[in-house]
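So the structure is just underneath, and the comments pick up after that.
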There are 2 protein chains.
Amino acid sequence: MKLRVDLLPHGGYLDTVLVVDILRATTTAVAYLERGAAALLLTSSPEAALALRDVTGPDGEMTRNERYLLGGERGGLPMPGFDFGNSPVEASGQNFTGREVVMNTTNGTGAAHVAAQSGKHVLLASLVNAHAAARRARAMAVEEIAIVCSGTDERVSLEDVYAAGVLAEYLLAMGEFTVDDGARIALTIRRNLGNPLEALSSSGHGVHLERLGLGADVRWAARISESTVVPTLDRSVDVPGALRFTGS
Amino acid sequence: MKLRVDLLPHGGYLDTVLVVDILRATTTAVAYLERGAAALLLTSSPEAALALRDVTGPDGEMTRNERYLLGGERGGLPMPGFDFGNSPVEASGQNFTGREVVMNTTNGTGAAHVAAQSGKHVLLASLVNAHAAARRARAMAVEEIAIVCSGTDERVSLEDVYAAGVLAEYLLAMGEFTVDDGARIALTIRRNLGNPLEALSSSGHGVHLERLGLGADVRWAARISESTVVPTLDRSVDVPGALRFTGS
């Protein structure tokens, strides 16, 4: 089995893909499902998210599809017209039972779309569901597991590389893999950069979130394997302009 | 002063850029200049390289401009019509006095073009000229030094990240810098991944070159600071379709 770690989304994934954007999209995705959301719809643009929820009738009047709630951010800040930011702490205080959360974020949702272009199985992974995500990937994969770091504005971000290293450690514990340069870099970062909270707090995006008053999200995202929920791409239901993830 | 390390070429460089492709373009570049080449012309395509050397006259006959020699590779192998591969060992056995070497390679020459789009000063760095390249960059930079890893086929390569870490170590020894996530990753790799030859030999591209019978080039590239030559972008002479680097 091959283990491939892309420090930025690249494409060309053929088997099982773990998409990582731990500050904060893939961490928040887990929280939405933990709090009862029926599904997550990851769109490729904010406009596509708004178009799912806000439906214009034949009389030109806009009605809101109450099934959908919108969560997302740009540069860490909530977006106009969205119901929620991209905060796992905020999500964990809500009840999403019977609702679907439409997500659009700066980096993570785009990385999921790159993964889904060719990947057979696409999972959302973070530190909070790391054990479960690694186990699920190992069970699904036939020839390759790719861990895809979303990065920040097309540059490599430390927190995603660290999380990729944590996932890679678990996978290597489960069996033999041939590893690529990206996996060796991620493993080296995970093994030498201290505990998760130190790594996340000192990353460029961690510092940025702290300055925005979102330090509680960073601390939330630094907890390892506290959830067994793994958001998994479900291609059985077609939603225009969106990828649909469920917890099973 | 800011220190930025891009694990893949990104763009948006405003000050001083160190371009790194140690297996093998930026290592070979140093060897060409060490062996007397008057300049290096880095083109953005193999065709642009051939067009510089092979001039078609008014009678339709092709004549060869003897000032130019062509060096380059694709996937590690020499290219049709080129005079040399991209081998520092091969280059070190030649005399290039009075000639200019036109270079086109899979990753390194492209990264140099990205750097030159906006960078004020562009230098080619490798392990073999690491001390001199770091010193030169420190002397030129006003607000930022960016180390740009070329990678391999748009994926991060271990050997370039390792070399970026070596350069970052030297820069940090010279003065205070604020460092980004990429710099922290590179420093962690350099400090934990053994000696240069171990790191280079075990990288994906190092293994590939060894299989092609080019292991001597890997060993050549793993020597630290044996040359004081720093290929430096010279914008005073305009060569159509190429970036011109000289050793001074």
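Labeling convention for the structure tokens: chains A, B, ... as they appear, residues from 1 per chain, ligands from 1 in order of appearance.
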
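Within 9 Å of chain A, and counting only C-alpha atoms, chain B contributes Asp6, Leu7, Leu8, His10, Glu154, Arg155, Val156, Ser157, Leu158, Glu159, Val161, Asp180, Asp181, Gly182, Arg184, Ile185, Ala186, Thr188, Ile189, Asn192, Leu193, Ser202, Ser203, Gly204 and His205 of chain B.
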
As a PyMOL selection string, please: every residue in region 8-88 of chain A that a backbone DSSP assignment puts in strand (DSSP E or B).
chain A and resi 16-20+39-43+54-56+62-64+68-74+77-78+84

DSSP on the backbone, then: every residue of region 15-225 of chain B marked alpha helix (DSSP H), written as a ChimeraX atom specification.
/B:25-34,46-53,88-92,108-118,130-140,158-174,181-192,196-202,204-211,215-221

Can you pull out every residue within 9 Å of region 137-150 of chain B, counting only C-alpha atoms, but drop anything in the same chain fewer than 5 positions away, and send it as a ChimeraX atom specification?
/B:1-10,13-22,107-112,115,120-123,125,132,155-157,160-161,163-164,167-168,171,174-175,177,183

Can you pull out the residues contacting Val229 (chain A)? Cut-off 9 Å, using only C-alpha atoms, and skip same-chain residues under 3 positions away; I want them as a ChimeraX atom specification.
/A:30-31,33-34,129,132-133,247-248

With distances taken over only C-alpha atoms, the candidate from A:Met103, A:Tyr170, A:Thr26, A:Asp59 nearest Arg244 (chain A) is A:Met103

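Around Gly81 (chain B), within 12 Å and counting only C-alpha atoms, the residues found are Pro46, Glu47, Ala49, Leu50, Ala51, Arg53, Asp54, Arg64, Leu69, Leu70, Gly71, Gly72 and Glu73 of chain B, once anything fewer than 6 positions away on its own chain is removed.
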
For the atom pair CA of Trp220 (chain A) and CA of Tyr68 (chain A), what is the interatomic distance in Å to one decimal place?
24.9 Å

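CA of Gly76 (chain A) is positioned 12.7 Å from CA of Thr28 (chain A).
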
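If you look at CA of Met79 (chain A) and CA of Thr56 (chain A), they are 20.6 Å away from each other.
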
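Restricting the calculation to only C-alpha atoms, the smallest distance between Pro78 (chain A) and any of A:Asp234, A:Glu66, A:Glu176, A:Glu90 is found for A:Glu90.
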
Pick from B:Leu233, B:Arg24, B:Thr105, B:His131: nearest to Glu169 (chain B), with only C-alpha atoms counted?
B:His131
